[in-house]
$ cat query27.txt   # compact mmCIF, C-alpha atoms
# COMPACT_ATOMS: atom_id res chain seq x y z
CA MET I 1 95.46 88.48 81.73
CA SER I 2 95.21 91.77 83.49
CA TRP I 3 94.41 95.39 82.80
CA LYS I 4 96.90 98.20 83.21
CA ILE I 5 95.21 101.56 83.66
CA LYS I 6 97.85 104.27 83.27
CA ALA I 7 97.13 107.91 84.00
CA GLN I 8 99.84 110.19 82.62
CA LEU I 9 99.90 113.93 83.12
CA MET I 10 101.56 115.44 80.06
CA ALA I 11 103.26 118.84 80.03
CA GLY I 12 104.03 119.28 76.36
CA ASP I 13 105.96 116.17 75.33
CA GLU I 14 107.07 115.37 78.86
CA ILE I 15 105.33 113.17 81.40
CA ALA I 16 104.99 115.31 84.52
CA LEU I 17 103.44 112.46 86.50
CA GLY I 18 102.58 108.84 85.75
CA PRO I 19 102.74 105.41 87.38
CA GLY I 20 106.55 105.21 87.32
CA LYS I 21 107.11 108.66 88.79
CA ALA I 22 104.46 108.06 91.46
CA ASP I 23 106.19 104.81 92.46
CA LEU I 24 109.50 106.67 92.58
CA LEU I 25 107.98 109.28 94.93
CA ASP I 26 106.78 106.48 97.20
CA ALA I 27 110.23 104.88 97.12
CA ILE I 28 111.93 108.20 97.96
CA ALA I 29 109.56 108.65 100.90
CA ALA I 30 110.36 105.10 102.04
CA THR I 31 114.16 105.18 101.59
CA GLY I 32 114.96 108.87 102.10
CA SER I 33 117.26 108.92 99.07
CA ILE I 34 116.96 109.18 95.28
CA SER I 35 119.68 106.61 94.65
CA ALA I 36 118.23 104.05 97.06
CA ALA I 37 114.76 104.64 95.63
CA GLY I 38 116.08 104.16 92.08
CA ARG I 39 117.90 100.98 93.09
CA ALA I 40 114.74 99.61 94.68
CA MET I 41 112.97 100.17 91.35
CA GLY I 42 115.77 98.85 89.14
CA LEU I 43 116.60 102.30 87.75
CA SER I 44 120.03 103.85 87.28
CA TYR I 45 120.76 106.83 89.50
CA ARG I 46 120.82 109.01 86.40
CA ARG I 47 117.37 107.84 85.31
CA ALA I 48 115.89 108.34 88.79
CA TRP I 49 117.48 111.78 89.05
CA LEU I 50 116.09 112.81 85.63
CA MET I 51 112.59 111.73 86.71
CA VAL I 52 112.84 113.79 89.91
CA ASP I 53 114.23 116.73 87.94
CA ALA I 54 111.31 116.60 85.48
CA MET I 55 108.74 116.59 88.29
CA ASN I 56 110.42 119.41 90.19
CA ARG I 57 110.78 121.45 86.99
CA LEU I 58 107.23 120.94 85.70
CA PHE I 59 105.25 121.44 88.90
CA ALA I 60 104.76 124.85 90.48
CA GLU I 61 106.73 123.75 93.57
CA PRO I 62 109.31 120.98 94.06
CA LEU I 63 107.81 117.59 94.92
CA VAL I 64 111.18 116.26 96.13
CA LEU I 65 113.51 118.13 98.47
CA THR I 66 117.21 117.28 98.36
CA VAL I 67 120.22 118.32 100.35
CA ARG I 68 122.23 120.55 98.03
CA GLY I 69 125.75 119.66 97.02
CA GLY I 70 125.82 116.11 98.20
CA PRO I 71 124.51 112.63 97.54
CA GLY I 72 122.63 112.93 100.81
CA GLY I 73 119.03 112.58 101.72
CA ALA I 74 115.90 113.31 99.77
CA SER I 75 112.34 113.61 100.98
CA LEU I 76 108.93 114.62 99.73
CA SER I 77 107.73 118.16 100.28
CA ASP I 78 104.23 118.72 101.66
CA PHE I 79 103.33 119.72 98.11
CA GLY I 80 104.77 116.44 96.79
CA ARG I 81 102.86 114.39 99.34
CA ALA I 82 99.63 116.15 98.38
CA VAL I 83 100.17 115.59 94.64
CA LEU I 84 101.07 111.93 95.23
CA GLY I 85 98.00 111.44 97.42
CA ASP I 86 95.73 112.88 94.75
CA TYR I 87 97.36 110.72 92.09
CA ARG I 88 96.81 107.56 94.15
CA ALA I 89 93.18 108.62 94.67
CA LEU I 90 92.84 109.12 90.92
CA GLN I 91 94.25 105.64 90.25
CA ALA I 92 91.84 104.10 92.76
CA ARG I 93 88.93 105.91 91.16
CA LEU I 94 89.95 104.72 87.69
CA GLU I 95 90.28 101.13 88.89
CA LYS I 96 86.86 101.30 90.45
CA ALA I 97 85.25 102.87 87.39
CA SER I 98 86.71 100.29 85.05
CA GLY I 99 85.42 97.21 86.86
CA GLY I 100 82.66 95.58 84.85
CA LEU I 101 83.73 96.64 81.36
CA CYS I 102 87.28 95.47 81.95
CA ALA I 103 86.12 92.03 83.00
CA GLY I 104 83.75 91.86 80.04
CA ILE I 105 86.50 92.54 77.51
CA ALA I 106 89.12 90.37 79.23
CA GLY I 107 86.62 87.51 79.33
CA ARG I 108 86.77 87.41 75.53
CA LEU I 109 90.47 86.56 75.45
CA LYS I 110 91.55 83.07 74.43
CA GLY I 111 91.78 80.45 77.16
CA MET T 1 98.94 120.21 79.82
CA SER T 2 96.68 117.24 79.38
CA TRP T 3 96.03 113.84 80.85
CA LYS T 4 96.45 110.61 78.94
CA ILE T 5 94.43 107.78 80.43
CA LYS T 6 95.58 104.52 78.84
CA ALA T 7 93.78 101.24 79.41
CA GLN T 8 95.89 98.29 78.29
CA LEU T 9 94.68 94.70 78.38
CA MET T 10 97.74 92.52 78.99
CA ALA T 11 97.93 88.85 78.02
CA GLY T 12 101.22 87.84 79.60
CA ASP T 13 103.80 90.30 78.26
CA GLU T 14 101.73 91.23 75.22
CA ILE T 15 99.21 94.04 74.91
CA ALA T 16 96.03 92.40 73.60
CA LEU T 17 94.22 95.74 73.38
CA GLY T 18 95.14 99.33 74.10
CA PRO T 19 94.68 102.83 72.64
CA GLY T 20 96.85 102.16 69.56
CA LYS T 21 95.20 98.86 68.67
CA ALA T 22 91.72 100.33 69.18
CA ASP T 23 92.59 103.22 66.84
CA LEU T 24 93.89 100.69 64.31
CA LEU T 25 90.60 98.78 64.47
CA ASP T 26 88.71 102.02 63.79
CA ALA T 27 91.03 102.80 60.87
CA ILE T 28 90.55 99.30 59.40
CA ALA T 29 86.77 99.72 59.66
CA ALA T 30 87.06 103.10 57.93
CA THR T 31 89.50 102.13 55.15
CA GLY T 32 88.73 98.43 54.63
CA SER T 33 92.41 97.55 54.54
CA ILE T 34 95.25 96.92 57.00
CA SER T 35 97.83 98.72 54.87
CA ALA T 36 95.65 101.81 54.35
CA ALA T 37 94.77 101.83 58.06
CA GLY T 38 98.45 101.59 58.97
CA ARG T 39 99.35 104.39 56.56
CA ALA T 40 96.64 106.60 58.04
CA MET T 41 98.22 106.07 61.46
CA GLY T 42 101.82 106.47 60.31
CA LEU T 43 102.62 102.78 60.88
CA SER T 44 104.54 100.49 58.56
CA TYR T 45 102.51 97.69 57.02
CA ARG T 46 104.55 95.19 59.03
CA ARG T 47 103.79 96.99 62.30
CA ALA T 48 100.08 97.23 61.54
CA TRP T 49 99.99 93.58 60.52
CA LEU T 50 101.74 92.50 63.73
CA MET T 51 99.20 94.45 65.80
CA VAL T 52 96.31 92.76 64.00
CA ASP T 53 98.01 89.38 64.36
CA ALA T 54 98.43 89.87 68.12
CA MET T 55 94.74 90.76 68.57
CA ASN T 56 93.52 87.88 66.43
CA ARG T 57 95.85 85.47 68.23
CA LEU T 58 95.06 86.59 71.77
CA PHE T 59 91.29 86.91 71.59
CA ALA T 60 88.99 83.90 71.46
CA GLU T 61 87.83 84.87 67.95
CA PRO T 62 89.43 87.05 65.27
CA LEU T 63 88.67 90.75 65.57
CA VAL T 64 89.84 91.43 62.02
CA LEU T 65 88.82 89.35 58.99
CA THR T 66 91.12 89.36 55.97
CA VAL T 67 90.97 87.90 52.50
CA ARG T 68 93.51 85.06 52.48
CA GLY T 69 96.45 85.04 50.12
CA GLY T 70 96.31 88.61 48.98
CA PRO T 71 96.84 92.19 50.01
CA GLY T 72 93.08 92.67 49.65
CA GLY T 73 90.46 93.88 52.00
CA ALA T 74 90.14 93.65 55.75
CA SER T 75 87.13 94.30 57.94
CA LEU T 76 86.07 93.96 61.55
CA SER T 77 84.19 90.85 62.61
CA ASP T 78 81.03 91.25 64.69
CA PHE T 79 83.18 90.07 67.58
CA GLY T 80 85.76 92.76 66.80
CA ARG T 81 83.11 95.47 66.63
CA ALA T 82 81.72 94.36 70.01
CA VAL T 83 85.15 94.36 71.67
CA LEU T 84 85.99 97.77 70.19
CA GLY T 85 82.65 99.19 71.34
CA ASP T 86 83.24 97.98 74.89
CA TYR T 87 86.76 99.40 74.86
CA ARG T 88 85.49 102.83 73.75
CA ALA T 89 82.86 102.66 76.49
CA LEU T 90 85.59 101.82 79.00
CA GLN T 91 87.66 104.80 77.85
CA ALA T 92 84.67 107.12 78.16
CA ARG T 93 83.95 105.84 81.64
CA LEU T 94 87.58 106.36 82.70
CA GLU T 95 87.60 109.90 81.32
CA LYS T 96 84.42 110.67 83.19
CA ALA T 97 85.65 109.16 86.45
CA SER T 98 88.92 111.05 86.32
CA GLY T 99 87.43 114.56 85.95
CA GLY T 100 87.89 116.50 89.15
CA LEU T 101 91.06 114.84 90.43
CA CYS T 102 92.80 115.23 87.09
CA ALA T 103 92.06 118.94 87.04
CA GLY T 104 93.19 119.28 90.63
CA ILE T 105 96.60 117.74 89.97
CA ALA T 106 97.12 119.46 86.61
CA GLY T 107 96.32 122.79 88.23
CA ARG T 108 99.47 122.41 90.31
CA LEU T 109 101.75 122.43 87.28
CA LYS T 110 103.91 125.44 86.64
CA GLY T 111 102.38 128.30 84.65
$ encode --input "query27.txt" --output "structure tokens"
Amino acid sequence: MSWKIKAQLMAGDEIALGPGKADLLDAIAATGSISAAGRAMGLSYRRAWLMVDAMNRLFAEPLVLTVRGGPGGASLSDFGRAVLGDYRALQARLEKASGGLCAGIAGRLKG
Amino acid sequence: MSWKIKAQLMAGDEIALGPGKADLLDAIAATGSISAAGRAMGLSYRRAWLMVDAMNRLFAEPLVLTVRGGPGGASLSDFGRAVLGDYRALQARLEKASGGLCAGIAGRLKG
């Protein structure tokens, strides 16, 4: 048994940022490419591209910078790194806050 | 824009408890029936029943008590009320913990 604590930032019906998009940002920073990042996460290129497009569209500045007109490199903007850092801090804070109550509920599961 | 903070208790691949199941428990307590609770949440009877079945199967004791052999009443067990209360407390604690960081990230969305 385990708890999943998911923080999703909604902009209307769209998820501007959540666990999957944060992991994709990390993977883009690590691989330097949207397609390689998507592959590493088991996503199609189209799916990874749509996630990047949503983030870049919904935030005030692009989180991911790409080389126009080619399949070339991608990287995080300073803005993207700052948003990702705050999101990871939020996740850590949520994990920490949940501690005792999570264990208390999980301890009532069978077996 | 708004944040959704979802706490999901996983038992293997199944969600033993999450926002939807907690709301269903509240609706069962309010209506005294699985079908009425499902209707109130826009769920089919089958879907509501499967959610109750998963909770009752995965926890050490049933959360929902039903009258056998009929479509009749359903109610929360003391155990179910305790689990639901702890889950609501967990949600409140997560909301409280998230405060400042959530606002800081959301404030970077467009417009």
$ atom_distance --input "query27.txt" --atom1 "atom CA of T:Gly12" --atom2 "atom CA of T:Leu58"
10.0 Å
$ atom_distance --input "query27.txt" --atom1 "atom CA of T:Val52" --atom2 "atom CA of I:Lys6"
22.5 Å
$ residues_around --input "query27.txt" --residues "stretch 88-99 of chain T" --least-positions-apart "3" --cutoff "9 Å" --atoms "all atoms listed in the file" --output "list in words"
Leu90, Gln91, Arg93, Leu94, Glu95, Lys96, Ala97, Ser98, Leu101 and Cys102 of chain I; Ile5, Lys6, Ala7, Pro19, Ala22, Val83, Leu84, Gly85, Cys102, Ala103 and Gly104 of chain T
$ atom_distance --input "query27.txt" --atom1 "atom CA of I:Asp13" --atom2 "atom CA of T:Gly111"
15.7 Å
$ residues_near_point --input "query27.txt" --point "(97.5, 99.5, 72.0)" --cutoff "12 Å" --atoms "all atoms listed in the file" --output "tab-separated table (two decimals) with C-alpha atoms, in the coordinates of the input"
chain	number	residue	atom	x	y	z
I	3	TRP	CA	94.41	95.39	82.80
I	4	LYS	CA	96.90	98.20	83.21
T	6	LYS	CA	95.58	104.52	78.84
T	7	ALA	CA	93.78	101.24	79.41
T	8	GLN	CA	95.89	98.29	78.29
T	9	LEU	CA	94.68	94.70	78.38
T	10	MET	CA	97.74	92.52	78.99
T	14	GLU	CA	101.73	91.23	75.22
T	15	ILE	CA	99.21	94.04	74.91
T	16	ALA	CA	96.03	92.40	73.60
T	17	LEU	CA	94.22	95.74	73.38
T	18	GLY	CA	95.14	99.33	74.10
T	19	PRO	CA	94.68	102.83	72.64
T	20	GLY	CA	96.85	102.16	69.56
T	21	LYS	CA	95.20	98.86	68.67
T	22	ALA	CA	91.72	100.33	69.18
T	23	ASP	CA	92.59	103.22	66.84
T	24	LEU	CA	93.89	100.69	64.31
T	25	LEU	CA	90.60	98.78	64.47
T	47	ARG	CA	103.79	96.99	62.30
T	48	ALA	CA	100.08	97.23	61.54
T	50	LEU	CA	101.74	92.50	63.73
T	51	MET	CA	99.20	94.45	65.80
T	52	VAL	CA	96.31	92.76	64.00
T	54	ALA	CA	98.43	89.87	68.12
T	55	MET	CA	94.74	90.76	68.57
T	84	LEU	CA	85.99	97.77	70.19
T	87	TYR	CA	86.76	99.40	74.86
$ residues_around --input "query27.txt" --residues "T:Arg81" --least-positions-apart "6" --cutoff "12 Å" --atoms "all atoms listed in the file" --output "list in words"
Ile105 of chain I; Ala22, Leu25, Asp26, Ile28, Ala29, Glu61, Pro62, Leu63, Val64, Leu65, Ser75, Tyr87 and Arg88 of chain T
$ build_atoms --input "query27.txt" --residues "stretch 71-82 of chain T" --atoms "all heavy atoms" --output "short mmCIF file (atom, residue, chain, number, x, y, z; two decimals), in the coordinates of the input"
data_model
loop_
_atom_site.label_atom_id
_atom_site.label_comp_id
_atom_site.auth_asym_id
_atom_site.auth_seq_id
_atom_site.Cartn_x
_atom_site.Cartn_y
_atom_site.Cartn_z
N PRO T 71 96.74 90.95 49.26
CA PRO T 71 96.84 92.19 50.01
C PRO T 71 95.47 92.84 50.17
O PRO T 71 95.38 93.96 50.66
CB PRO T 71 97.72 93.06 49.11
CG PRO T 71 97.39 92.61 47.73
CD PRO T 71 97.02 91.15 47.83
N GLY T 72 94.44 92.12 49.78
CA GLY T 72 93.08 92.67 49.65
C GLY T 72 92.49 93.13 50.95
O GLY T 72 93.18 93.42 51.92
N GLY T 73 91.21 93.20 50.97
CA GLY T 73 90.46 93.88 52.00
C GLY T 73 90.56 93.27 53.38
O GLY T 73 90.90 92.10 53.57
N ALA T 74 90.25 94.08 54.36
CA ALA T 74 90.14 93.65 55.75
C ALA T 74 88.94 94.36 56.36
O ALA T 74 88.61 95.47 55.96
CB ALA T 74 91.41 93.99 56.51
N SER T 75 88.30 93.69 57.28
CA SER T 75 87.13 94.30 57.94
C SER T 75 87.05 93.77 59.37
O SER T 75 87.72 92.80 59.72
CB SER T 75 85.85 93.94 57.17
OG SER T 75 85.70 92.54 57.15
N LEU T 76 86.26 94.44 60.18
CA LEU T 76 86.07 93.96 61.55
C LEU T 76 84.99 92.87 61.56
O LEU T 76 83.96 93.00 60.89
CB LEU T 76 85.64 95.10 62.47
CG LEU T 76 86.56 96.31 62.60
CD1 LEU T 76 86.16 97.15 63.81
CD2 LEU T 76 88.02 95.88 62.70
N SER T 77 85.23 91.85 62.36
CA SER T 77 84.19 90.85 62.61
C SER T 77 83.16 91.44 63.57
O SER T 77 83.40 92.48 64.20
CB SER T 77 84.81 89.59 63.24
OG SER T 77 85.36 89.93 64.51
N ASP T 78 82.01 90.81 63.69
CA ASP T 78 81.03 91.25 64.69
C ASP T 78 81.67 91.24 66.08
O ASP T 78 81.46 92.14 66.90
CB ASP T 78 79.81 90.31 64.69
CG ASP T 78 78.96 90.48 63.44
OD1 ASP T 78 79.13 91.51 62.74
OD2 ASP T 78 78.14 89.59 63.16
N PHE T 79 82.46 90.20 66.31
CA PHE T 79 83.18 90.07 67.58
C PHE T 79 84.11 91.27 67.78
O PHE T 79 84.16 91.87 68.86
CB PHE T 79 83.98 88.76 67.55
CG PHE T 79 84.68 88.41 68.83
CD1 PHE T 79 84.01 87.74 69.85
CD2 PHE T 79 86.03 88.71 69.00
CE1 PHE T 79 84.68 87.40 71.03
CE2 PHE T 79 86.69 88.37 70.17
CZ PHE T 79 86.01 87.71 71.18
N GLY T 80 84.84 91.63 66.74
CA GLY T 80 85.76 92.76 66.80
C GLY T 80 85.03 94.07 67.08
O GLY T 80 85.49 94.89 67.88
N ARG T 81 83.89 94.26 66.40
CA ARG T 81 83.11 95.47 66.63
C ARG T 81 82.62 95.55 68.08
O ARG T 81 82.60 96.62 68.69
CB ARG T 81 81.93 95.55 65.67
CG ARG T 81 82.24 96.32 64.39
CD ARG T 81 80.97 96.55 63.56
NE ARG T 81 80.43 95.28 63.09
CZ ARG T 81 80.80 94.68 61.95
NH1 ARG T 81 81.70 95.25 61.17
NH2 ARG T 81 80.27 93.53 61.60
N ALA T 82 82.23 94.39 68.63
CA ALA T 82 81.72 94.36 70.01
C ALA T 82 82.84 94.70 71.00
O ALA T 82 82.65 95.48 71.94
CB ALA T 82 81.11 92.99 70.32
#
